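S.K.: Sharing a structure with you now.
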Amino acid sequence: MKFDVKVEGQDMLIKNIDGLDKSVIRDIQKALTSGADIVTERTKANIRSNFKKKTGRLESSPVTRQMPQKLGWALVSISAIDRKKAPHAHLHEFGTSKMPARPFQRPAFDNSKGEIERLINNALSAAVRRHN
């Protein structure tokens, strides 16, 4: 599953982030990780409710990961599928020529967007209030 994100004013954003207190960055990171955790848990719930449990590998494969740090700050956490645990997960998510798609991760993300946005907005608002 590929997502493209366009950030306008990236240079100014980087300059502002570099000037932030480390505690603000930690608070934002916590919010982003919490958001990814929400998607991960909802992905697991979707798998439990839509698939018959055989080995349990598919259900145990959703994980939250922090992406490698760039420019000294890690601001990205993702919910992903551990392909070592469930190398077949993408076949269920997207389907094949002989099997219809049975998505479990995209619906989890779609149903979590509002909650994730609130987490991030609350973290940013708290950081602004603390530093004003």
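Chain labels follow the order of the structure tokens: the first chain is A, the next B, and so on; residue numbering restarts at 1 in every chain, and ligands are counted from 1 in their shown order.
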Each residue of range 37-104 of chain A lying at most 10 Å from range 115-118 of chain A should get a row with its shortest atom-to-atom pair and the distance in Å to one decimal, counting only C-alpha atoms; could you produce that, ordered by chain and increasing number, as a tab-separated table?

M.R.:
```
residue	atom	partner	partner_atom	distance
A:Asp37	CA	A:Ile116	CA	9.8
A:Ile38	CA	A:Ile116	CA	7.9
A:Val39	CA	A:Ile116	CA	8.9
```

S.K.: Contacts of His92 in chain A at 10 Å or less, counting only C-alpha atoms, minus same-chain residues fewer than 2 places along, as a list of chain:residue names?

M.R.: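 That gives A:Phe51, A:Leu58, A:His88, A:Ala89, A:His90, A:Phe94, A:Gly95, A:Thr96, A:Met99, A:Pro100, A:Ala101, A:Arg102, A:Pro103, A:Phe104.
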
S.K.: Using only C-alpha atoms, which of A:Arg65, A:Gly35, A:Ser97, A:Asn46 sits nearest Gly114 in chain A?

M.R.: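 Using only C-alpha atoms, Gly114 in chain A sits closest to A:Gly35.
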
S.K.: What's around Ile47 in chain A at 12 Å? Count only C-alpha atoms, leave out sequence neighbours fewer than 6 positions away in its own chain, and write the answer as a PDB file with N, CA and C atoms, in the first residue's frame.

M.R.:
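Dumped everything to part05.pdb:
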```pdb
ATOM      1  N   THR A  40      -2.854  -0.206  14.066  1.00  0.00           N
ATOM      2  CA  THR A  40      -2.385  -1.578  14.250  1.00  0.00           C
ATOM      3  C   THR A  40      -3.436  -2.414  14.977  1.00  0.00           C
ATOM      4  N   GLU A  41      -3.988  -1.888  16.062  1.00  0.00           N
ATOM      5  CA  GLU A  41      -4.994  -2.640  16.828  1.00  0.00           C
ATOM      6  C   GLU A  41      -6.271  -2.842  16.025  1.00  0.00           C
ATOM      7  N   LYS A  53      -9.307 -18.219  11.951  1.00  0.00           N
ATOM      8  CA  LYS A  53      -7.953 -18.371  12.481  1.00  0.00           C
ATOM      9  C   LYS A  53      -7.437 -19.768  12.161  1.00  0.00           C
ATOM     10  N   LYS A  54      -6.285 -19.807  11.523  1.00  0.00           N
ATOM     11  CA  LYS A  54      -5.621 -21.086  11.239  1.00  0.00           C
ATOM     12  C   LYS A  54      -4.338 -21.146  12.058  1.00  0.00           C
ATOM     13  N   GLY A  56      -2.660 -18.159  13.049  1.00  0.00           N
ATOM     14  CA  GLY A  56      -2.544 -16.939  13.839  1.00  0.00           C
ATOM     15  C   GLY A  56      -1.454 -16.001  13.350  1.00  0.00           C
ATOM     16  N   ARG A  57      -0.764 -16.400  12.291  1.00  0.00           N
ATOM     17  CA  ARG A  57       0.329 -15.552  11.793  1.00  0.00           C
ATOM     18  C   ARG A  57      -0.193 -14.241  11.226  1.00  0.00           C
ATOM     19  N   LEU A  58      -1.314 -14.282  10.507  1.00  0.00           N
ATOM     20  CA  LEU A  58      -1.847 -13.047   9.925  1.00  0.00           C
ATOM     21  C   LEU A  58      -2.248 -12.078  11.031  1.00  0.00           C
ATOM     22  N   GLU A  59      -2.924 -12.587  12.058  1.00  0.00           N
ATOM     23  CA  GLU A  59      -3.366 -11.727  13.155  1.00  0.00           C
ATOM     24  C   GLU A  59      -2.193 -11.148  13.940  1.00  0.00           C
ATOM     25  N   SER A  60      -1.095 -11.858  14.029  1.00  0.00           N
ATOM     26  CA  SER A  60       0.055 -11.359  14.789  1.00  0.00           C
ATOM     27  C   SER A  60       0.980 -10.487  13.940  1.00  0.00           C
ATOM     28  N   SER A  61       0.689 -10.359  12.649  1.00  0.00           N
ATOM     29  CA  SER A  61       1.609  -9.633  11.766  1.00  0.00           C
ATOM     30  C   SER A  61       1.504  -8.110  11.802  1.00  0.00           C
ATOM     31  N   PRO A  62       0.367  -7.484  12.148  1.00  0.00           N
ATOM     32  CA  PRO A  62       0.358  -6.019  12.200  1.00  0.00           C
ATOM     33  C   PRO A  62       1.240  -5.501  13.343  1.00  0.00           C
ATOM     34  N   ILE A  81       2.618  -4.392   8.171  1.00  0.00           N
ATOM     35  CA  ILE A  81       2.502  -5.839   8.271  1.00  0.00           C
ATOM     36  C   ILE A  81       3.908  -6.422   8.271  1.00  0.00           C
ATOM     37  N   ALA A  89      -0.019 -11.778   3.475  1.00  0.00           N
ATOM     38  CA  ALA A  89      -0.981 -10.749   3.879  1.00  0.00           C
ATOM     39  C   ALA A  89      -1.441  -9.883   2.714  1.00  0.00           C
ATOM     40  N   HIS A  92      -4.370 -11.194   0.630  1.00  0.00           N
ATOM     41  CA  HIS A  92      -5.704 -10.977   1.194  1.00  0.00           C
ATOM     42  C   HIS A  92      -6.122  -9.513   1.067  1.00  0.00           C
ATOM     43  N   GLU A  93      -5.208  -8.610   1.341  1.00  0.00           N
ATOM     44  CA  GLU A  93      -5.525  -7.170   1.319  1.00  0.00           C
ATOM     45  C   GLU A  93      -5.945  -6.713  -0.078  1.00  0.00           C
ATOM     46  N   ARG A 102      -9.791  -8.872   0.306  1.00  0.00           N
ATOM     47  CA  ARG A 102     -10.434  -8.844   1.619  1.00  0.00           C
ATOM     48  C   ARG A 102      -9.607  -7.892   2.492  1.00  0.00           C
ATOM     49  N   PRO A 103      -9.735  -6.604   2.224  1.00  0.00           N
ATOM     50  CA  PRO A 103      -8.876  -5.627   2.914  1.00  0.00           C
ATOM     51  C   PRO A 103      -9.131  -5.602   4.417  1.00  0.00           C
ATOM     52  N   PHE A 104      -8.060  -5.457   5.158  1.00  0.00           N
ATOM     53  CA  PHE A 104      -8.133  -5.362   6.608  1.00  0.00           C
ATOM     54  C   PHE A 104      -7.345  -4.162   7.126  1.00  0.00           C
ATOM     55  N   GLN A 105      -6.280  -3.764   6.416  1.00  0.00           N
ATOM     56  CA  GLN A 105      -5.474  -2.650   6.900  1.00  0.00           C
ATOM     57  C   GLN A 105      -6.007  -1.296   6.424  1.00  0.00           C
ATOM     58  N   ARG A 106      -6.381  -1.190   5.172  1.00  0.00           N
ATOM     59  CA  ARG A 106      -6.888   0.091   4.673  1.00  0.00           C
ATOM     60  C   ARG A 106      -8.156   0.530   5.413  1.00  0.00           C
ATOM     61  N   PRO A 107      -9.116  -0.371   5.644  1.00  0.00           N
ATOM     62  CA  PRO A 107     -10.278   0.061   6.430  1.00  0.00           C
ATOM     63  C   PRO A 107      -9.903   0.501   7.846  1.00  0.00           C
ATOM     64  N   ALA A 108      -8.908  -0.152   8.434  1.00  0.00           N
ATOM     65  CA  ALA A 108      -8.465   0.253   9.779  1.00  0.00           C
ATOM     66  C   ALA A 108      -7.919   1.675   9.743  1.00  0.00           C
TER      67      ALA A 108
END
```

S.K.: Please, which residues in range 11-114 of chain A fall within 12 Å of range 120-127 of chain A when counting only C-alpha atoms, and what is the closest atom pair and distance in Å to one decimal for each, ordered by chain then residue number, as JSON lines?

M.R.:
```
{"residue": "A:Ile17", "atom": "CA", "partner": "A:Leu124", "partner_atom": "CA", "distance": 11.7}
{"residue": "A:Leu20", "atom": "CA", "partner": "A:Ala127", "partner_atom": "CA", "distance": 9.5}
{"residue": "A:Asp21", "atom": "CA", "partner": "A:Ala127", "partner_atom": "CA", "distance": 9.3}
{"residue": "A:Lys22", "atom": "CA", "partner": "A:Ala127", "partner_atom": "CA", "distance": 10.8}
{"residue": "A:Ser23", "atom": "CA", "partner": "A:Ala127", "partner_atom": "CA", "distance": 8.6}
{"residue": "A:Val24", "atom": "CA", "partner": "A:Ala127", "partner_atom": "CA", "distance": 5.8}
{"residue": "A:Ile25", "atom": "CA", "partner": "A:Ala127", "partner_atom": "CA", "distance": 9.0}
{"residue": "A:Arg26", "atom": "CA", "partner": "A:Ala123", "partner_atom": "CA", "distance": 9.8}
{"residue": "A:Asp27", "atom": "CA", "partner": "A:Ala123", "partner_atom": "CA", "distance": 6.2}
{"residue": "A:Ile28", "atom": "CA", "partner": "A:Ala123", "partner_atom": "CA", "distance": 5.8}
{"residue": "A:Gln29", "atom": "CA", "partner": "A:Ile120", "partner_atom": "CA", "distance": 9.0}
{"residue": "A:Lys30", "atom": "CA", "partner": "A:Ala123", "partner_atom": "CA", "distance": 8.5}
{"residue": "A:Ala31", "atom": "CA", "partner": "A:Ile120", "partner_atom": "CA", "distance": 5.5}
{"residue": "A:Leu32", "atom": "CA", "partner": "A:Ile120", "partner_atom": "CA", "distance": 6.6}
{"residue": "A:Thr33", "atom": "CA", "partner": "A:Ile120", "partner_atom": "CA", "distance": 10.0}
{"residue": "A:Ser34", "atom": "CA", "partner": "A:Ile120", "partner_atom": "CA", "distance": 9.3}
{"residue": "A:Gly35", "atom": "CA", "partner": "A:Ile120", "partner_atom": "CA", "distance": 8.1}
{"residue": "A:Ala36", "atom": "CA", "partner": "A:Ile120", "partner_atom": "CA", "distance": 11.3}
{"residue": "A:Leu75", "atom": "CA", "partner": "A:Ile120", "partner_atom": "CA", "distance": 11.1}
{"residue": "A:Val76", "atom": "CA", "partner": "A:Ile120", "partner_atom": "CA", "distance": 11.7}
{"residue": "A:Lys113", "atom": "CA", "partner": "A:Ile120", "partner_atom": "CA", "distance": 10.6}
{"residue": "A:Gly114", "atom": "CA", "partner": "A:Ile120", "partner_atom": "CA", "distance": 10.1}
```

S.K.: Select, from A:Lys44, A:Arg129, A:Asp82, A:Lys52, the residue with the minimum atom-to-atom distance to Phe109 in chain A, counting only C-alpha atoms.

M.R.: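 Among A:Lys44, A:Arg129, A:Asp82, A:Lys52, it is A:Lys44 that comes nearest to Phe109 in chain A.
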
S.K.: Quick one: DSSP alpha helix (DSSP H) residues in range 50-91 of chain A, as a PyMOL selection string?

M.R.: chain A and resi 50+57-60+89-91

S.K.: Have a look at CA of Thr64 in chain A and CA of Ser79 in chain A and let me know their distance in Å, one decimal.

M.R.: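 Value for the CA of Thr64 in chain A-CA of Ser79 in chain A distance: 4.5 Å.
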
S.K.: Mind the document's chain letters and residue numbers, and return as a ChimeraX atom specification the residues of range 10-118 of chain A that DSSP labels strand (DSSP E).

M.R.: /A:62-66,77-81

S.K.: Nearest residue to Lys84 in chain A out of A:Val63, A:Lys98, A:Leu119, A:Pro68, using only C-alpha atoms?

M.R.: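 The closest residue to Lys84 in chain A is A:Val63.
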